[in-house]
Amino acid sequence: MYIKRNISWSLILRFAWKNLIFFALYAATVFYLYHIWGWTHIDIPFEPLSVIGIAVAFYIGFKNSQSYDRFWEARKIWGGIVNYSRTWANNVLSLVEDDRSAQITLIYRHIAWINALRIQLRQPNSFSIRENRAIERLFDKHGERNPVCNGMDDLLGPKEVEALENRKNVATHLVKKQGQHLKQLLAEGKITEFDKQIFHNNLEEMYNLQGKCERIKNTPFPRQYAYFSTVFTWVFLLLLPFGLLNVFETQLKELEVGHNWWYIVLMIFFSILISWIFSTMEKVGSNSEDPFEGRINDVPMTALCRTIEIDLRDMLDEENLPKKIKPQHNILY
Amino acid sequence: MYIKRNISWSLILRFAWKNLIFFALYAATVFYLYHIWGWTHIDIPFEPLSVIGIAVAFYIGFKNSQSYDRFWEARKIWGGIVNYSRTWANNVLSLVEDDRSAQITLIYRHIAWINALRIQLRQPNSFSIRENRAIERLFDKHGERNPVCNGMDDLLGPKEVEALENRKNVATHLVKKQGQHLKQLLAEGKITEFDKQIFHNNLEEMYNLQGKCERIKNTPFPRQYAYFSTVFTWVFLLLLPFGLLNVFETQLKELEVGHNWWYIVLMIFFSILISWIFSTMEKVGSNSEDPFEGRINDVPMTALCRTIEIDLRDMLDEENLPKKIKPQHNILY
Amino acid sequence: MYIKRNISWSLILRFAWKNLIFFALYAATVFYLYHIWGWTHIDIPFEPLSVIGIAVAFYIGFKNSQSYDRFWEARKIWGGIVNYSRTWANNVLSLVEDDRSAQITLIYRHIAWINALRIQLRQPNSFSIRENRAIERLFDKHGERNPVCNGMDDLLGPKEVEALENRKNVATHLVKKQGQHLKQLLAEGKITEFDKQIFHNNLEEMYNLQGKCERIKNTPFPRQYAYFSTVFTWVFLLLLPFGLLNVFETQLKELEVGHNWWYIVLMIFFSILISWIFSTMEKVGSNSEDPFEGRINDVPMTALCRTIEIDLRDMLDEENLPKKIKPQHNILY
Amino acid sequence: MYIKRNISWSLILRFAWKNLIFFALYAATVFYLYHIWGWTHIDIPFEPLSVIGIAVAFYIGFKNSQSYDRFWEARKIWGGIVNYSRTWANNVLSLVEDDRSAQITLIYRHIAWINALRIQLRQPNSFSIRENRAIERLFDKHGERNPVCNGMDDLLGPKEVEALENRKNVATHLVKKQGQHLKQLLAEGKITEFDKQIFHNNLEEMYNLQGKCERIKNTPFPRQYAYFSTVFTWVFLLLLPFGLLNVFETQLKELEVGHNWWYIVLMIFFSILISWIFSTMEKVGSNSEDPFEGRINDVPMTALCRTIEIDLRDMLDEENLPKKIKPQHNILY
Amino acid sequence: MYIKRNISWSLILRFAWKNLIFFALYAATVFYLYHIWGWTHIDIPFEPLSVIGIAVAFYIGFKNSQSYDRFWEARKIWGGIVNYSRTWANNVLSLVEDDRSAQITLIYRHIAWINALRIQLRQPNSFSIRENRAIERLFDKHGERNPVCNGMDDLLGPKEVEALENRKNVATHLVKKQGQHLKQLLAEGKITEFDKQIFHNNLEEMYNLQGKCERIKNTPFPRQYAYFSTVFTWVFLLLLPFGLLNVFETQLKELEVGHNWWYIVLMIFFSILISWIFSTMEKVGSNSEDPFEGRINDVPMTALCRTIEIDLRDMLDEENLPKKIKPQHNILY
């Protein structure tokens with residue numbers, strides 16, 4: 001998650017440089033063919049193009065709005081994970097009879113669960129976006145995209161860790177373990193039937209939160225909506241210089257002659273500008289579609305997991321709390 | 001569900017080829033009449049056409065947005081089924097006193113329920129979409145659209161399967177069976193009144209999830225909205241070449257003569273392009289309206305049912321877990 | 001609810017014929033005045049008209065979107081009624097101690113409740129839409145709009161039916177009766193306090209579902225939004241032919257003379273087409289505003305009530321189940 | 001709440017007359033300056049104006065959509081009050097041991113609560129809308145905007161009413177009284193701990209419903225959004241006649257001369273029409289922003305309170321039920 | 001939160017003056033270059049500009065709509081805090097056996113919690129907006145942006161305050177303290193297991209409400225959406241005067257010569273007006289993005305905390321209630 005108000009131009013260029021060069025070359029070629037080679041019949045009227053432009057802007061708007069919703073839902077779910085982590089810890093501390101060791105086990109296993117979930121969500125899948133290398137290298141350098149499963153041993157003890165190894169879905173299994181532990185605590189008389197109801201409501205909520213994350217992770221933004229958004233945008237952008245030829249030309253005739261060079265520079269500049277606006281609008285949405293990949297606009301799960309861990313250890317009155325995750329180049333992972 | 005980032009052009013053509021040929025022939029005919037036959041009075045001014053174009057783009061946008069919502073709600077419901085399947089299994093394992101056989105029966109019956117629901121939702125109905133044969137054959141080849149009800153015997157035992165046969169709604173009945181089983185377990189003292197409350201909340205949730213699926217399945221996207229979206233798009237597309245005649249012609253006069261052939265090719269190409277964009281925009285929504293039919297953009301219920309089955313059997317500590325469903329030609333069913 | 005994918009042209013004409021004739025006559029008159037009488041000064045420039053057209057299309061889009069939401073919320077509520085009917089029956093069968101007669105009474109009274117609710121919602125009110133006679137006669141012929149309250153006797157017994165007669169809101173009273181019945185069952189020891197909690201949660205849900213239906217029924221789509229949508233559309237449509245005069249005329253001058261008759265035909269045809277598109281867009285929303293009236297696009301409450309009845313009787317293991325409601329002329333009521 | 005399908009033109013004029021006169025005079029002045037005084041340089045090109053027009057239409061659309069949401073949320077909350085009033089009464093009658101007097105007190109106090117809430121919400125605040133006098137007088141005549149707190153004595157008894165007098169928030173206090181009453185009933189053994197849970201869930205819901213109303217009441221639609229909507233609309237409307245001069249003039253030149261008078265009439269008429277459409281669109285939203293003020297488009301709380309009272313007294317099997325509130329001039333308060 | 005219906009022009013100018021001066025100088029420079037220096041080739045055709053204008057208006061509309069949602073969600077959450085504060089107090093007074101001191105402690109600690117939460121949310125962060133100094137000074141003068149944590153001692157007692165000092169998240173810890181207190185009350189027999197369930201549901205809700213606030217506080221409106229909205233708007237505004245040159249010029253030629261001065265004034269005025277509309281539209285959203293900063297459009301947390309305190313103290317039958325917070329310069333903090 002980018003956490004500065006303004007995005008630096010160097011970062012914008014990192015994303016856009018390939019396209020900008022392409023737009024410049026493309027527009028230059030089109031204008032070259034028209035003026036120098038004299039292919040004056042290749043221009044197309046701008047009126048239908050402006051209808052396409054508006055229709056495409058709608059379509060992009062729809063896609064961006066839905067992509068934003070995916071991000072925001074993902075963030076809400078992780079907000080829910082924060083809330084229910086606190087509730088879980090509070091319930092453990094208030095309801096379980098004085099058995100500090102059981103309390104610690106229940107809370108540590110919960111911390112293991114959020115980290116297991118985070119790591120599962122960070123695995124790449126078949127429809128992930130790939131940016132140009134300048135961008136990918138930036139993320140790789142930060143080293144937060146291929147998370148290592150560390151610290152499970154400290155949280156769970158080696159025996160429990162071992163039992164997790166062949167499980168198909170580690171997070172699912174950890175919640176089941178909580179259920180089994182509660183069963184045992186009930187048998188030992190350390191919680192009441194009333195407490196069990198409360199705890200099982202929490203576990204239900206945790207499965208809901210986990211499943212909602214997995215839903216967003218495993219279901220791409222429907223490709224027919226997303227992909228055609230890109231295609232339509234590019235069709236529009238490829239037609240654009242031909243249309244600009246037409247409107248600039250009409251104007252050119254009304255003006256005095258002799259400013260051809262200026263006129264060509266202006267057209268190319270203008271063409272790049274419009275192309276950049278539309279391609280950026282389109283890209284802005286594509287970058288929010290999948291919110292768990294550890295990219296610039298994604299949910300900062302590493303930081304959230306750490307915040308939860310700090311809160312829960314603080315509730316356990318531990319000292320030597322771990323430190324908050326700091327942003328790298330203004331990006332929080 | 002299509003699970004690659006980009007849609008291959010061969011797949012796009014499979015959907016669009018009929019329309020593309022029609023657009024080409026139609027535009028060619030119109031231009032032929034105008035230029036060769038000299039029906040120069042058939043062109044219509046583009047200005048009102050651009051108002052229609054924008055209004056139609058709005059209308060399509062509304063429809064696409066609602067169609068997407070239908071898909072996404074369907075996916076959310078199945079996400080809920082995943083979550084409550086895990087919660088059900090966890091509750092069964094944590095709350096039912098040590099009676100492994102009852103636990104297995106309650107969990108297997110649940111697996112039977114999700115599969116029964118899937119099969120009921122996959123039945124075709126009176127308002128299903130039909131694509132051209134190239135597409136339908138593709139889906140048929142994958143063989144996932146006419147699901148066979150296999151494996152019920154293994155899950156339920158022959159006697160219980162037999163009792164299901166004349167039931168009007170098998171899924172509804174399976175949940176009722178769970179309720180009856182719980183009643184018996186309570187009588188045998190294997191669950192408490194507190195547990196019964198928890199379990200019955202789960203059953204309530206299952207009826208909610210099932211009913212929500214049935215609502216989307218049985219209620220088409222209101223036909224007055226959907227059908228007129230198609231009609232208006234086609235009215236616009238049929239008028240388009242007449243309007244393009246008008247704008248291109250104005251421009252033609254301003255240019256030098258002698259490039260008629262080029263001009264006609266350009267017009268036809270441009271006409272096909274706009275027509276394709278609008279008809280594709282329109283189609284993109286139509287294809288998401290009904291999310292349970294086992295088509296390219298639908299909820300991958302077969303894969304989800306298998307995932308649930310794996311998870312639940314893993315929670316039962318079974319070995320020899322079934323394998324994940326694999327996509328066919330990048331489509332997950 | 002219309003349940004075919006495509007709407008037949010005969011049905012569309014049934015709705016639109018009056019308007020189509022009016023549009024034709026109106027456009028013809030305007031063009032007659034202009035060309036034959038020579039009122040050449042009555043045309044108005046198209047540019048401001050296209051701004052109005054786009055603004056009106058927005059406004060209609062907003063209204064259609066909200067009307068759709070009203071329909072869809074209504075459908076969701078009735079989906080909820082389906083779900084909680086099953087949950088109610090399941091709870092009755094699982095929780096009430098072996099007293100088949102009490103179980104039947106509780107479930108039959110529930111069936112009476114859904115039918116009472118349906119009938120209350122089908123009553124006409126002061127802001128219902130009225131279509132032209134061709135349409136109204138079609139609905140009347142199907143005989144589903146003025147529902148008869150039949151079968152209450154079979155479900156409730158004559159004494160209970162009699163007690164309902166002076167009640168202000170029969171559905172409300174039936175749920176109260178369920179509460180009283182539960183009180184008695186608790187006193188007789190046939191349900192526990194735990195069961196009572198579950199049942200009262202269900203009754204709460206039923207009042208919620210009923211009240212939500214009544215809210216949509218009794219609150220029209222705010223008339224200031226809806227009515228001005230119609231007014232603005234018609235203002236636009238009445239101005240349209242004057243604007244078309246202007247754009248066609250400009251074009252006419254550029255073409256050769258002598259095609260006046262063709263030109264007039266084209267203009268009138270075009271005018272009718274645009275008018276039809278906008279007036280249909282507007283009407284599509286108006287027709288979904290009130291979803292309980294028993295019209296072509298409304299919630300098929302009769303069919304849903306029957307489906308629930310079949311499901312519940314099947315859960316009671318009854319034989320001779322009633323039959324599903326069949327659509328009439330592709331309309332399900 | 002206006003409850004007829006169509007709004008009469010006399011009512012529309014009552015709202016619009018001031019603006020209509022202003023638009024007419026303003027347009028006339030502008031055209032007078034241009035044609036008679038010969039300030040032919042004051043016209044402005046229409047193209048940028050149409051961009052503003054479309055942008056303003058968007059902005060109004062956004063505001064209208066949010067205003068509608070405020071109204072509809074308010075209506076939903078009051079729908080919730082209806083539902084939970086019935087649930088409360090049902091719970092009181094089903095759960096409280098046979099103590100008719102306690103039942104009556106609990107239900108009457110609830111009726112007092114809904115009326116107290118209604119009256120609190122009807123108080124004017126610092127950001128209420130003010131219409132022209134023709135409109136305000138109409139509402140004042142109906143006498144429903146300054147509600148009198150009558151009947152509390154009958155519902156609560158004089159002692160309890162007295163204790164309410166110095167309370168900061170009477171509705172809040174009445175719910176607290178219910179809680180105290182329940183505590184006493186529990187102590188007397190007239191309700192069980194299970195019942196208390198159910199009742200306290202209801203009280204929680206009532207605080208939620210009350211607080212939601214207060215939130216809408218006390219938080220204006222953010223003024224920066226709402227006010228600029230009005231400002232932008234008026235900027236557009238004030239520029240409009242200058243832009244129309246431009247487009248009509250172009251056209252005028254193409255036509256024959258001598259129709260100046262007709263041309264001016266047409267322009268003024270057209271200018272009024274567009275101005276009226278945009279200013280009405282804008283006003284439609286402003287009128288729904290604050291839904292509790294007792295105006296034409298507001299939530300009919302008086303009628304709803306009466307409906308609840310009738311339902312609850314009917315559930316108590318009372319006779320001599322009060323009558324429904326009737327609309328005045330088609331407005332239900 | 002601004003609480004007058006209309007925003008005074010002096011306040012609008014305070015926000016806009018810098019931009020207005022810039023727009024005027026910029027437009028004047030462009031027109032100077034064009035007319036006086038004769039750079040007549042620098043104008044650009046308006047047609048593509050109007051497409052950009054409409055696309056940008058869409059984009060702004062999307063952003064404004066989401067910013068509004070952030071504000072409204074924040075307000076809803078604080079509405080929830082109001083509601084659950086009352087419910088908490090009501091539950092404490094109804095459920096805790098007669099121990100006035102425990103009741104007071106539980107309610108005062110709750111008041112401490114809402115104030116701690118408010119203060120935590122008011123801390124500035126790395127992506128807060130900064131207005132020009134005229135605005136910032138206004139807010140600073142009101143002194144509500146850097147809240148002092150006063151009064152905790154009175155509410156909690158010095159010992160408990162001291163224990164809070166090193167806590168990472170004071171609000172989280174206060175809710176935990178409530179849980180510990182409840183544990184003790186249960187042990188003392190002053191609440192039942194049933195009561196504990198009710199109270200723990202409340203505590204769960206409080207963690208949810210707190211966590212939702214923190215989510216909005218710590219997650220900026222995704223910068224890629226927000227920042228490009230500003231960039232695109234400014235690109236459009238910087239191009240605008242060049243486009244206006246083009247459309248005004250065309251018109252100029254059609255009119256009589258000699259009104260150059262008037263024409264330039266008109267153009268500059270018109271340019272400022274459009275620029276102001278677009279930049280204001282854009283800014284309106286930016287100002288609602290972060291709703292907890294103590295700015296003009298933010299959630300009035302100070303006032304809400306006071307309202308809650310008054311209500312809760314009134315429920316405790318205290319006298320000498322604190323006074324309501326009054327708005328300063330029509331702004332409620």
# chains A, B, ... in the order shown; residues from 1 in each chain; ligands from 1
$ select_by_dssp --residues "segment 148-313 of chain B" --states "helix (DSSP H, G or I)" --output "MDAnalysis selection string"
chainID B and resid 152:156 158:164 170:187 193:218 223:254 260:286 301:313
$ residues_around --residues "segment 185-197 of chain A" --least-positions-apart "5" --cutoff "9 Å" --atoms "only C-alpha atoms" --output "VMD selection string"
(chain A and resid 91 95 to 99 102 180 202) or (chain B and resid 192 194 to 195 197 to 198) or (chain E and resid 193 to 194 196 to 197)
$ residues_around --residues "segment 125-130 of chain B" --least-positions-apart "2" --cutoff "7 Å" --atoms "only C-alpha atoms" --output "compact mmCIF listing (two decimals) with N, CA and C atoms, in the first residue's frame"
# COMPACT_ATOMS: atom_id res chain seq x y z
N GLN B 123 -29.01 -27.65 -13.76
CA GLN B 123 -30.07 -27.98 -14.71
C GLN B 123 -30.40 -26.77 -15.58
N ASN B 132 -23.27 -19.59 -30.26
CA ASN B 132 -23.13 -20.30 -31.54
C ASN B 132 -22.50 -21.67 -31.31
N PRO B 220 -34.52 -14.83 -13.73
CA PRO B 220 -33.63 -14.27 -14.75
C PRO B 220 -33.36 -12.81 -14.47
N ILE C 3 -40.42 -15.12 -18.35
CA ILE C 3 -39.38 -16.12 -18.17
C ILE C 3 -38.79 -16.67 -19.47
N LYS C 4 -38.97 -15.94 -20.55
CA LYS C 4 -38.26 -16.32 -21.78
C LYS C 4 -37.08 -15.38 -21.96
N ARG C 5 -36.06 -15.85 -22.64
CA ARG C 5 -34.88 -15.00 -22.85
C ARG C 5 -35.25 -13.77 -23.68
$ residues_around --residues "Val235 of chain A" --least-positions-apart "2" --cutoff "12 Å" --atoms "only C-alpha atoms" --output "number ranges by chain"
A: 49, 52-53, 56, 228-233, 237-242, 275, 278-279; B: 270, 273-274, 276-277
$ residues_around --residues "Ile114 of chain E" --least-positions-apart "5" --cutoff "9 Å" --atoms "only C-alpha atoms" --output "ChimeraX atom specification"
/E:81,85,109,119,171,210,305,308
$ interface_residues --of "chain C" --to "chain B" --cutoff "8 Å" --atoms "only C-alpha atoms" --output "PyMOL selection string"
chain C and resi 1-7+46+50+53-54+57-58+61+65+75-76+79-80+82-84+86-87+90-91+93-95+194-195+198+244+247-248+251+255+259+262-263+266+274+277+281+284+297+310-311+314-315
$ write_last_selection --atoms "N, CA and C atoms" --output "compact mmCIF listing (two decimals), in the first residue's frame"
# COMPACT_ATOMS: atom_id res chain seq x y z
N MET C 1 -43.59 -12.40 -13.69
CA MET C 1 -42.21 -12.42 -14.16
C MET C 1 -42.14 -13.09 -15.52
N TYR C 2 -41.55 -12.38 -16.45
CA TYR C 2 -41.41 -12.94 -17.79
C TYR C 2 -40.25 -13.91 -17.79
N ILE C 3 -40.42 -15.12 -18.35
CA ILE C 3 -39.38 -16.12 -18.17
C ILE C 3 -38.79 -16.67 -19.47
N LYS C 4 -38.97 -15.94 -20.55
CA LYS C 4 -38.26 -16.32 -21.78
C LYS C 4 -37.08 -15.38 -21.96
N ARG C 5 -36.06 -15.85 -22.64
CA ARG C 5 -34.88 -15.00 -22.85
C ARG C 5 -35.25 -13.77 -23.68
N ASN C 6 -35.95 -14.00 -24.81
CA ASN C 6 -36.32 -12.89 -25.70
C ASN C 6 -37.78 -12.52 -25.52
N ILE C 7 -38.06 -11.25 -25.65
CA ILE C 7 -39.44 -10.79 -25.56
C ILE C 7 -39.98 -10.73 -26.99
N PHE C 46 -29.41 21.42 -32.91
CA PHE C 46 -29.34 20.11 -32.26
C PHE C 46 -28.37 20.07 -31.09
N SER C 50 -28.69 17.74 -27.79
CA SER C 50 -27.91 16.55 -27.47
C SER C 50 -27.45 16.59 -26.01
N GLY C 53 -30.42 15.42 -24.21
CA GLY C 53 -30.56 13.98 -24.44
C GLY C 53 -29.66 13.18 -23.51
N ILE C 54 -28.42 13.63 -23.39
CA ILE C 54 -27.48 12.90 -22.54
C ILE C 54 -27.87 13.04 -21.07
N ALA C 57 -30.74 10.82 -20.45
CA ALA C 57 -30.32 9.42 -20.41
C ALA C 57 -29.71 9.07 -19.05
N PHE C 58 -28.92 10.00 -18.49
CA PHE C 58 -28.41 9.82 -17.13
C PHE C 58 -29.53 9.63 -16.14
N GLY C 61 -31.22 6.54 -16.39
CA GLY C 61 -30.33 5.49 -15.89
C GLY C 61 -30.41 5.39 -14.38
N SER C 65 -31.97 2.14 -12.46
CA SER C 65 -31.13 1.43 -11.51
C SER C 65 -31.84 1.29 -10.17
N ARG C 75 -37.45 -9.37 -4.51
CA ARG C 75 -37.19 -10.78 -4.81
C ARG C 75 -36.33 -11.42 -3.73
N LYS C 76 -35.38 -10.64 -3.21
CA LYS C 76 -34.54 -11.16 -2.14
C LYS C 76 -35.36 -11.45 -0.89
N GLY C 79 -37.14 -14.49 -1.41
CA GLY C 79 -36.17 -15.57 -1.26
C GLY C 79 -35.96 -15.89 0.21
N GLY C 80 -35.89 -14.83 1.03
CA GLY C 80 -35.76 -15.02 2.47
C GLY C 80 -36.96 -15.74 3.05
N VAL C 82 -38.76 -17.93 1.48
CA VAL C 82 -38.55 -19.34 1.13
C VAL C 82 -37.60 -20.00 2.14
N ASN C 83 -36.47 -19.34 2.37
CA ASN C 83 -35.45 -19.93 3.24
C ASN C 83 -35.97 -20.14 4.66
N TYR C 84 -36.63 -19.11 5.20
CA TYR C 84 -37.06 -19.24 6.59
C TYR C 84 -38.28 -20.13 6.73
N ARG C 86 -38.40 -23.01 5.14
CA ARG C 86 -37.75 -24.30 5.31
C ARG C 86 -37.14 -24.43 6.70
N THR C 87 -36.49 -23.36 7.15
CA THR C 87 -35.88 -23.40 8.48
C THR C 87 -36.94 -23.60 9.55
N ASN C 90 -38.05 -27.18 9.42
CA ASN C 90 -36.99 -28.04 9.95
C ASN C 90 -36.93 -27.93 11.46
N ASN C 91 -37.00 -26.70 11.99
CA ASN C 91 -36.96 -26.53 13.44
C ASN C 91 -38.16 -27.20 14.10
N LEU C 93 -39.84 -29.74 13.07
CA LEU C 93 -39.70 -31.20 13.03
C LEU C 93 -38.57 -31.71 13.92
N SER C 94 -37.53 -30.89 14.10
CA SER C 94 -36.39 -31.35 14.90
C SER C 94 -36.54 -31.05 16.38
N LEU C 95 -37.22 -29.97 16.71
CA LEU C 95 -37.18 -29.51 18.10
C LEU C 95 -38.42 -29.87 18.90
N PHE C 194 -34.32 -23.46 25.34
CA PHE C 194 -33.39 -23.30 24.21
C PHE C 194 -34.15 -23.26 22.89
N ASP C 195 -35.10 -24.19 22.75
CA ASP C 195 -35.89 -24.23 21.52
C ASP C 195 -36.67 -22.93 21.34
N ILE C 198 -34.67 -20.34 19.76
CA ILE C 198 -34.52 -20.56 18.32
C ILE C 198 -35.80 -20.16 17.58
N LEU C 244 -34.14 17.45 -35.29
CA LEU C 244 -33.77 16.62 -36.45
C LEU C 244 -33.92 17.40 -37.74
N VAL C 247 -30.61 19.14 -38.27
CA VAL C 247 -29.44 18.39 -38.75
C VAL C 247 -29.67 17.76 -40.12
N PHE C 248 -30.89 17.31 -40.37
CA PHE C 248 -31.14 16.73 -41.69
C PHE C 248 -31.06 17.79 -42.78
N GLN C 251 -27.67 18.68 -43.91
CA GLN C 251 -27.18 17.63 -44.78
C GLN C 251 -27.84 17.68 -46.15
N LEU C 255 -26.45 17.63 -50.31
CA LEU C 255 -26.74 16.59 -51.30
C LEU C 255 -27.48 17.19 -52.48
N HIS C 259 -34.84 14.48 -53.84
CA HIS C 259 -35.12 13.30 -53.04
C HIS C 259 -35.94 13.65 -51.81
N TRP C 262 -38.00 10.92 -50.03
CA TRP C 262 -37.16 9.95 -49.33
C TRP C 262 -36.63 10.53 -48.03
N TYR C 263 -36.24 11.76 -48.16
CA TYR C 263 -35.67 12.49 -47.05
C TYR C 263 -36.68 12.62 -45.90
N LEU C 266 -37.20 9.19 -44.30
CA LEU C 266 -36.05 8.85 -43.48
C LEU C 266 -36.09 9.58 -42.14
N ILE C 274 -35.64 6.96 -32.47
CA ILE C 274 -35.05 7.56 -31.28
C ILE C 274 -36.10 7.71 -30.18
N ILE C 277 -36.74 4.43 -28.55
CA ILE C 277 -35.65 4.01 -27.66
C ILE C 277 -35.75 4.74 -26.31
N MET C 281 -36.74 2.99 -22.77
CA MET C 281 -35.80 3.05 -21.64
C MET C 281 -36.52 3.55 -20.39
N VAL C 284 -39.18 0.99 -19.10
CA VAL C 284 -38.61 -0.23 -18.52
C VAL C 284 -38.48 -0.09 -17.00
N ASN C 297 -43.63 -7.93 -14.88
CA ASN C 297 -42.25 -7.95 -14.37
C ASN C 297 -42.18 -8.11 -12.86
N ILE C 310 -45.24 -26.89 -1.42
CA ILE C 310 -44.79 -28.23 -1.83
C ILE C 310 -43.63 -28.69 -0.95
N ASP C 311 -42.65 -27.82 -0.78
CA ASP C 311 -41.48 -28.19 0.03
C ASP C 311 -41.88 -28.56 1.45
N ASP C 314 -43.77 -31.76 1.63
CA ASP C 314 -42.83 -32.86 1.39
C ASP C 314 -42.00 -33.14 2.64
N MET C 315 -41.64 -32.08 3.34
CA MET C 315 -40.88 -32.29 4.58
C MET C 315 -41.73 -33.00 5.63
$ residues_around --residues "Met301 of chain B" --least-positions-apart "5" --cutoff "8 Å" --atoms "only C-alpha atoms" --output "list in words"
Trp78, Arg118, Phe292 and Tyr333 of chain B
$ atom_distance --atom1 "atom CA of Phe31 of chain E" --atom2 "atom CA of Val265 of chain A"
20.2 Å
$ residues_around --residues "Arg295 of chain D" --least-positions-apart "2" --cutoff "12 Å" --atoms "only C-alpha atoms" --output "PyMOL selection string"
chain D and resi 1-2+122+124+128-131+135-146+286-293+297-302+328+331-333
$ atom_distance --atom1 "atom CA of Ser8 of chain C" --atom2 "atom CA of Ser67 of chain B"
22.1 Å
$ decode --residues "segment 33-69 of chain E" --atoms "C-alpha atoms" --output "short mmCIF file (atom, residue, chain, number, x, y, z; two decimals), in the first residue's frame"
data_model
loop_
_atom_site.label_atom_id
_atom_site.label_comp_id
_atom_site.auth_asym_id
_atom_site.auth_seq_id
_atom_site.Cartn_x
_atom_site.Cartn_y
_atom_site.Cartn_z
CA LEU E 33 0.85 35.03 -26.42
CA TYR E 34 -1.80 34.26 -28.98
CA HIS E 35 -3.03 37.76 -29.75
CA ILE E 36 -0.27 40.14 -28.91
CA TRP E 37 2.72 38.03 -29.76
CA GLY E 38 0.83 36.38 -32.57
CA TRP E 39 1.54 32.75 -31.63
CA THR E 40 -1.67 31.84 -33.45
CA HIS E 41 -0.60 28.25 -33.96
CA ILE E 42 -0.74 27.32 -30.28
CA ASP E 43 -4.46 26.73 -30.12
CA ILE E 44 -5.67 23.15 -30.11
CA PRO E 45 -8.97 21.82 -31.42
CA PHE E 46 -11.71 21.63 -28.79
CA GLU E 47 -13.26 18.34 -29.89
CA PRO E 48 -10.68 15.97 -28.32
CA LEU E 49 -10.59 18.29 -25.30
CA SER E 50 -14.29 17.80 -24.74
CA VAL E 51 -13.77 14.03 -24.74
CA ILE E 52 -11.06 14.47 -22.09
CA GLY E 53 -13.34 16.80 -20.15
CA ILE E 54 -16.14 14.25 -20.05
CA ALA E 55 -13.76 11.39 -19.20
CA VAL E 56 -12.24 13.46 -16.39
CA ALA E 57 -15.69 14.37 -15.09
CA PHE E 58 -16.47 10.63 -14.90
CA TYR E 59 -13.27 9.93 -13.12
CA ILE E 60 -13.86 12.72 -10.60
CA GLY E 61 -17.40 11.45 -10.15
CA PHE E 62 -16.09 8.02 -9.25
CA LYS E 63 -13.60 9.45 -6.78
CA ASN E 64 -16.14 11.78 -5.16
CA SER E 65 -18.58 8.97 -4.79
CA GLN E 66 -16.00 6.79 -3.03
CA SER E 67 -14.78 9.66 -0.84
CA TYR E 68 -18.33 10.33 0.20
CA ASP E 69 -18.70 6.65 1.05
#
